[in-house]
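> To start, I am sharing the structure in question, which I have written as structure tokens.
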Amino acid sequence: MINKIKNTIGEILPEIIDIRHEIHQNPELSFEETSTAALVCSILDKYGIEYKSKIAGTGVLGAIRGEKPGSGKTILLRADMDALPIDEKSGAAFASKNPGVMHACGHDIHTSVLLCAAIALSKLRKEFSGTVKLMFQPGEETTGGAEPMIKAGVLDDPKVDICAALHVEPSLNAGEAGFKSGAFYACPDEFDIVIKGRGGHAATPDKCLDPIAIAAQLVTMIENLSTRVLSPLSPAAVSVCKISGGSAYNVIPESASLGGSVRVFSEHDRALMENGIKNAAASLCAAYGADFEYEYRRLFLPLINDEGVTAALKASADKYVDTIAITEPTMAGEDFSYLTDAVKTSALFWLGSTEPGAAPYPLHSEKFFASDKCVEYGAEIFCDFVLSQSR
Ligand SMILES: [Zn+2]
Ligand SMILES: [Zn+2]
């Protein structure tokens, strides 16, 4: 079966590499992926793969029904299509033609891998039972397209049993893939606090309510909270990243504001930090008689990989690439988490993307570059995984 998958993908690879270059050269920002989605639809049309488009904006959901006897599972494979507001300086021959917009997170690879796997699976229909759903989603880099696509029903009719996805990873070479079960990506929550004091002359702080002094203490208090409120065994990154207030050397301002990020791996820890920061602000402000406003925004869910699905994806990957055990989670966010939350038997793995011997630049860098070889490896792993699930 390995040779059958390799040969099927090998036949279509030149076309897919051209598509990868076309997507990379024409990056589109979150929820503006209209020409990328149109390109996806045109390829699905060409190969007779059924789909629905314009889901949650620019999302596309394809489906391939296996013809092997048996009831089979419904497996959803997911790719994201959006790019970032970055001016590309990768030096690639097929660099962005859209100034200020770049596929610096490798979503051009994700989209190309899924198209390649889709065409190959459509040619291998007799080798699997059940249904493969192909989810091309918008907006992963901003507010997330996965949750609205779920609300639009992509997990229903037929009901999805397993979701799988990959993300390119520049710390690994093309030809390697990384796997971790359990907690993998954090929730990237945000908070804002406005401290409302009473302004006045710098010479008479006793006649004012100094919001700057409260803000300064609050920064220390918030950053201590994560080490005192959360378990030392729970990874957390809690950072105050914005602080502002005041505009003159001799004026105590009326207000000061803080903003920051909370990255943890469970609803329990999220609630502890959401309430802890609020209580810290409330108690400090009460001590000085100041008032405050507080907003905590829950963004993507933590991404928790299923152990069995991770092992099955790794078993497929072992046949095509070198597999690596990832031991630590990342504090970054990833909206595939809405799929792992809705369908617990789901997992995402890392696909190495750096050309062997080349300097790796991180995701979201203007110099990030992913090898064309990733497309082949990613598609082989997806196809093998789908076939292995119907045996
Ligand atoms: Zn990204
Ligand atoms: Zn990404």
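All residue names refer to the structure tokens as shown: chains lettered A, B, ... in order, residues numbered from 1 in each chain, ligands numbered from 1 in order.
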Hey, which residues sit close to ligand 1? Say within 10 Å, counting only C-alpha atoms and all ligand atoms, and write them as a ChimeraX atom specification.
/A:80,82-84,103-107,140-142,167-168,332-334,363-365
> Extract, using only C-alpha atoms, all DNA, RNA and protein residues at most 7 Å from stretch 31-39 of chain A, discarding same-chain residues fewer than 4 positions from it, and format them as a count of residues only.
9
> If you run DSSP on this backbone, which residues of stretch 99-170 of chain A come out as strand (DSSP E or B), and could you give them as a list of chain:residue names?
A:Met102, A:Thr131, A:Val132, A:Lys133, A:Leu134, A:Met135, A:Phe136, A:Gln137, A:Ile162, A:Cys163, A:Ala164, A:Ala165, A:Leu166, A:His167, A:Val168, A:Glu169, A:Pro170
> Can I get the selection written as an mmCIF file, in the first residue's frame, with C-alpha atoms?

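Done, and the output landed in result33.cif:
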```
data_model
loop_
_atom_site.group_PDB
_atom_site.id
_atom_site.type_symbol
_atom_site.label_atom_id
_atom_site.label_comp_id
_atom_site.auth_asym_id
_atom_site.auth_seq_id
_atom_site.Cartn_x
_atom_site.Cartn_y
_atom_site.Cartn_z
ATOM 1 C CA MET A 102 2.883 36.704 3.166
ATOM 2 C CA THR A 131 -16.182 9.284 4.048
ATOM 3 C CA VAL A 132 -13.306 11.744 4.035
ATOM 4 C CA LYS A 133 -14.261 15.376 4.581
ATOM 5 C CA LEU A 134 -11.860 18.052 3.352
ATOM 6 C CA MET A 135 -12.070 21.239 5.400
ATOM 7 C CA PHE A 136 -10.404 24.350 3.955
ATOM 8 C CA GLN A 137 -10.959 27.030 6.585
ATOM 9 C CA ILE A 162 -12.007 11.707 13.720
ATOM 10 C CA CYS A 163 -10.391 15.063 12.824
ATOM 11 C CA ALA A 164 -6.757 15.320 11.759
ATOM 12 C CA ALA A 165 -4.540 18.258 10.820
ATOM 13 C CA LEU A 166 -0.895 19.168 10.461
ATOM 14 C CA HIS A 167 1.110 22.344 10.943
ATOM 15 C CA VAL A 168 4.479 23.002 9.331
ATOM 16 C CA GLU A 169 7.287 23.329 11.867
ATOM 17 C CA PRO A 170 10.594 24.994 10.931
#
```
> So which residues of stretch 135-380 of chain A fall under helix (DSSP H, G or I) by DSSP, listed as a PDB file with C-alpha atoms, in the first residue's frame?

```pdb
ATOM      1  CA  ALA A 146     -12.923  26.663  12.581  1.00  0.00           C
ATOM      2  CA  GLU A 147     -15.621  27.513  15.135  1.00  0.00           C
ATOM      3  CA  PRO A 148     -17.948  29.239  12.614  1.00  0.00           C
ATOM      4  CA  MET A 149     -17.487  26.315  10.191  1.00  0.00           C
ATOM      5  CA  ILE A 150     -18.482  23.900  12.986  1.00  0.00           C
ATOM      6  CA  LYS A 151     -21.541  26.068  13.679  1.00  0.00           C
ATOM      7  CA  PRO A 205      -0.113  63.112  45.145  1.00  0.00           C
ATOM      8  CA  ASP A 206      -2.129  63.088  48.387  1.00  0.00           C
ATOM      9  CA  LYS A 207      -4.832  65.135  46.653  1.00  0.00           C
ATOM     10  CA  PRO A 211      -3.429  55.293  38.649  1.00  0.00           C
ATOM     11  CA  ILE A 212       0.224  54.860  37.571  1.00  0.00           C
ATOM     12  CA  ALA A 213       1.282  53.695  41.042  1.00  0.00           C
ATOM     13  CA  ILE A 214      -1.591  51.184  41.091  1.00  0.00           C
ATOM     14  CA  ALA A 215      -0.754  49.969  37.553  1.00  0.00           C
ATOM     15  CA  ALA A 216       2.887  49.395  38.484  1.00  0.00           C
ATOM     16  CA  GLN A 217       1.935  47.216  41.469  1.00  0.00           C
ATOM     17  CA  LEU A 218      -0.677  45.404  39.426  1.00  0.00           C
ATOM     18  CA  VAL A 219       1.909  44.295  36.834  1.00  0.00           C
ATOM     19  CA  THR A 220       3.938  42.570  39.556  1.00  0.00           C
ATOM     20  CA  MET A 221       0.821  41.105  41.154  1.00  0.00           C
ATOM     21  CA  ILE A 222      -0.479  39.645  37.865  1.00  0.00           C
ATOM     22  CA  GLU A 223       2.848  38.091  36.959  1.00  0.00           C
ATOM     23  CA  ASN A 224       3.171  36.564  40.458  1.00  0.00           C
ATOM     24  CA  LEU A 225      -0.355  35.153  40.274  1.00  0.00           C
ATOM     25  CA  SER A 226       0.536  32.512  37.697  1.00  0.00           C
ATOM     26  CA  THR A 227       3.181  31.086  40.042  1.00  0.00           C
ATOM     27  CA  ARG A 228       0.993  31.260  43.182  1.00  0.00           C
ATOM     28  CA  GLU A 267     -10.618  25.571  31.526  1.00  0.00           C
ATOM     29  CA  HIS A 268      -9.767  25.217  35.232  1.00  0.00           C
ATOM     30  CA  ASP A 269      -6.573  27.294  34.883  1.00  0.00           C
ATOM     31  CA  ARG A 270      -8.310  29.753  32.570  1.00  0.00           C
ATOM     32  CA  ALA A 271     -10.995  30.426  35.173  1.00  0.00           C
ATOM     33  CA  LEU A 272      -8.366  30.757  37.920  1.00  0.00           C
ATOM     34  CA  MET A 273      -6.480  33.419  35.927  1.00  0.00           C
ATOM     35  CA  GLU A 274      -9.578  35.240  34.707  1.00  0.00           C
ATOM     36  CA  ASN A 275     -10.838  35.598  38.291  1.00  0.00           C
ATOM     37  CA  GLY A 276      -7.372  36.038  39.814  1.00  0.00           C
ATOM     38  CA  ILE A 277      -6.517  39.042  37.655  1.00  0.00           C
ATOM     39  CA  LYS A 278      -9.905  40.593  38.358  1.00  0.00           C
ATOM     40  CA  ASN A 279      -9.482  40.076  42.113  1.00  0.00           C
ATOM     41  CA  ALA A 280      -5.960  41.546  41.997  1.00  0.00           C
ATOM     42  CA  ALA A 281      -7.209  44.669  40.231  1.00  0.00           C
ATOM     43  CA  ALA A 282     -10.215  44.953  42.562  1.00  0.00           C
ATOM     44  CA  SER A 283      -8.211  44.612  45.775  1.00  0.00           C
ATOM     45  CA  LEU A 284      -5.450  47.033  44.735  1.00  0.00           C
ATOM     46  CA  CYS A 285      -7.914  49.608  43.468  1.00  0.00           C
ATOM     47  CA  ALA A 286      -9.984  49.230  46.671  1.00  0.00           C
ATOM     48  CA  ALA A 287      -6.879  49.845  48.800  1.00  0.00           C
ATOM     49  CA  TYR A 288      -6.388  53.215  47.104  1.00  0.00           C
ATOM     50  CA  GLU A 307      -3.537   9.623  22.364  1.00  0.00           C
ATOM     51  CA  GLY A 308      -4.895   6.950  19.992  1.00  0.00           C
ATOM     52  CA  VAL A 309      -5.248   9.252  16.972  1.00  0.00           C
ATOM     53  CA  THR A 310      -1.773  10.707  17.601  1.00  0.00           C
ATOM     54  CA  ALA A 311      -0.338   7.160  17.688  1.00  0.00           C
ATOM     55  CA  ALA A 312      -2.183   6.212  14.483  1.00  0.00           C
ATOM     56  CA  LEU A 313      -0.937   9.331  12.656  1.00  0.00           C
ATOM     57  CA  LYS A 314       2.597   8.587  13.866  1.00  0.00           C
ATOM     58  CA  ALA A 315       2.321   4.975  12.682  1.00  0.00           C
ATOM     59  CA  SER A 316       1.382   6.278   9.217  1.00  0.00           C
ATOM     60  CA  ALA A 317       4.163   8.875   9.267  1.00  0.00           C
ATOM     61  CA  SER A 337      -8.668  23.221  19.043  1.00  0.00           C
ATOM     62  CA  TYR A 338     -12.404  23.747  18.325  1.00  0.00           C
ATOM     63  CA  LEU A 339     -12.336  20.509  16.323  1.00  0.00           C
ATOM     64  CA  THR A 340     -10.394  18.562  18.979  1.00  0.00           C
ATOM     65  CA  ASP A 341     -12.869  19.851  21.554  1.00  0.00           C
ATOM     66  CA  ALA A 342     -15.960  18.904  19.505  1.00  0.00           C
ATOM     67  CA  LYS A 373       9.008  18.526  -0.199  1.00  0.00           C
ATOM     68  CA  CYS A 374       6.568  19.030   2.700  1.00  0.00           C
ATOM     69  CA  VAL A 375       3.623  18.721   0.325  1.00  0.00           C
ATOM     70  CA  GLU A 376       4.477  15.167  -0.670  1.00  0.00           C
ATOM     71  CA  TYR A 377       5.193  13.992   2.891  1.00  0.00           C
ATOM     72  CA  GLY A 378       2.092  15.601   4.363  1.00  0.00           C
ATOM     73  CA  ALA A 379      -0.160  14.134   1.669  1.00  0.00           C
ATOM     74  CA  GLU A 380       1.389  10.658   2.085  1.00  0.00           C
TER      75      GLU A 380
END
```
> Tell me, as a VMD selection string, which residues lie within 12 Å of stretch 243-254 of chain A, counting only C-alpha atoms; anything in the same chain fewer than 2 positions away does not count.
chain A and resid 191 to 216 218 to 219 239 to 241 256 to 260 290 to 292
> Leaving out A:Leu172 and any residue of its chain fewer than 4 positions from it, which residues lie within 12 Å of it when counting only C-alpha atoms, given as a PyMOL selection string?
chain A and resi 167-168+176-179+321-326+349-363+370-371+374
> Looking at A:Asn3, A:Ser122, A:Ser53, A:Thr111, which one is nearest to ligand 2, with distances taken over only C-alpha atoms and all ligand atoms?
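Between A:Asn3, A:Ser122, A:Ser53, A:Thr111, the residue approaching ligand 2 most closely is A:Thr111.
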> With only C-alpha atoms as the counted atoms, please give the residues lying no more than 6 Å from A:Ser261, apart from itself and same-chain residues fewer than 6 positions off, as a ChimeraX atom specification.
/A:189-190,238-239
> Between A:Val154, A:Ile109, A:Leu230, A:Val262, which is the closest to ligand 2 once you count only C-alpha atoms and all ligand atoms?
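Of the candidates, the smallest distance to ligand 2 is held by A:Ile109.
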> Separation of atom CA of A:Ala117 and atom CA of A:Ile16, in Å?
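Interatomic distance here is 10.1 Å.
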> For a test of reading the model, state the distance in Å between atom CA of A:Tyr294 and atom CA of A:Tyr185, rounded to one decimal.
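About the pair atom CA of A:Tyr294 and atom CA of A:Tyr185: they are 25.6 Å apart.
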> Between A:Ala93, A:Ile12, A:Ala186, A:Ile5, which has the minimum distance to A:Leu301 (counting only C-alpha atoms)?
A:Ala186
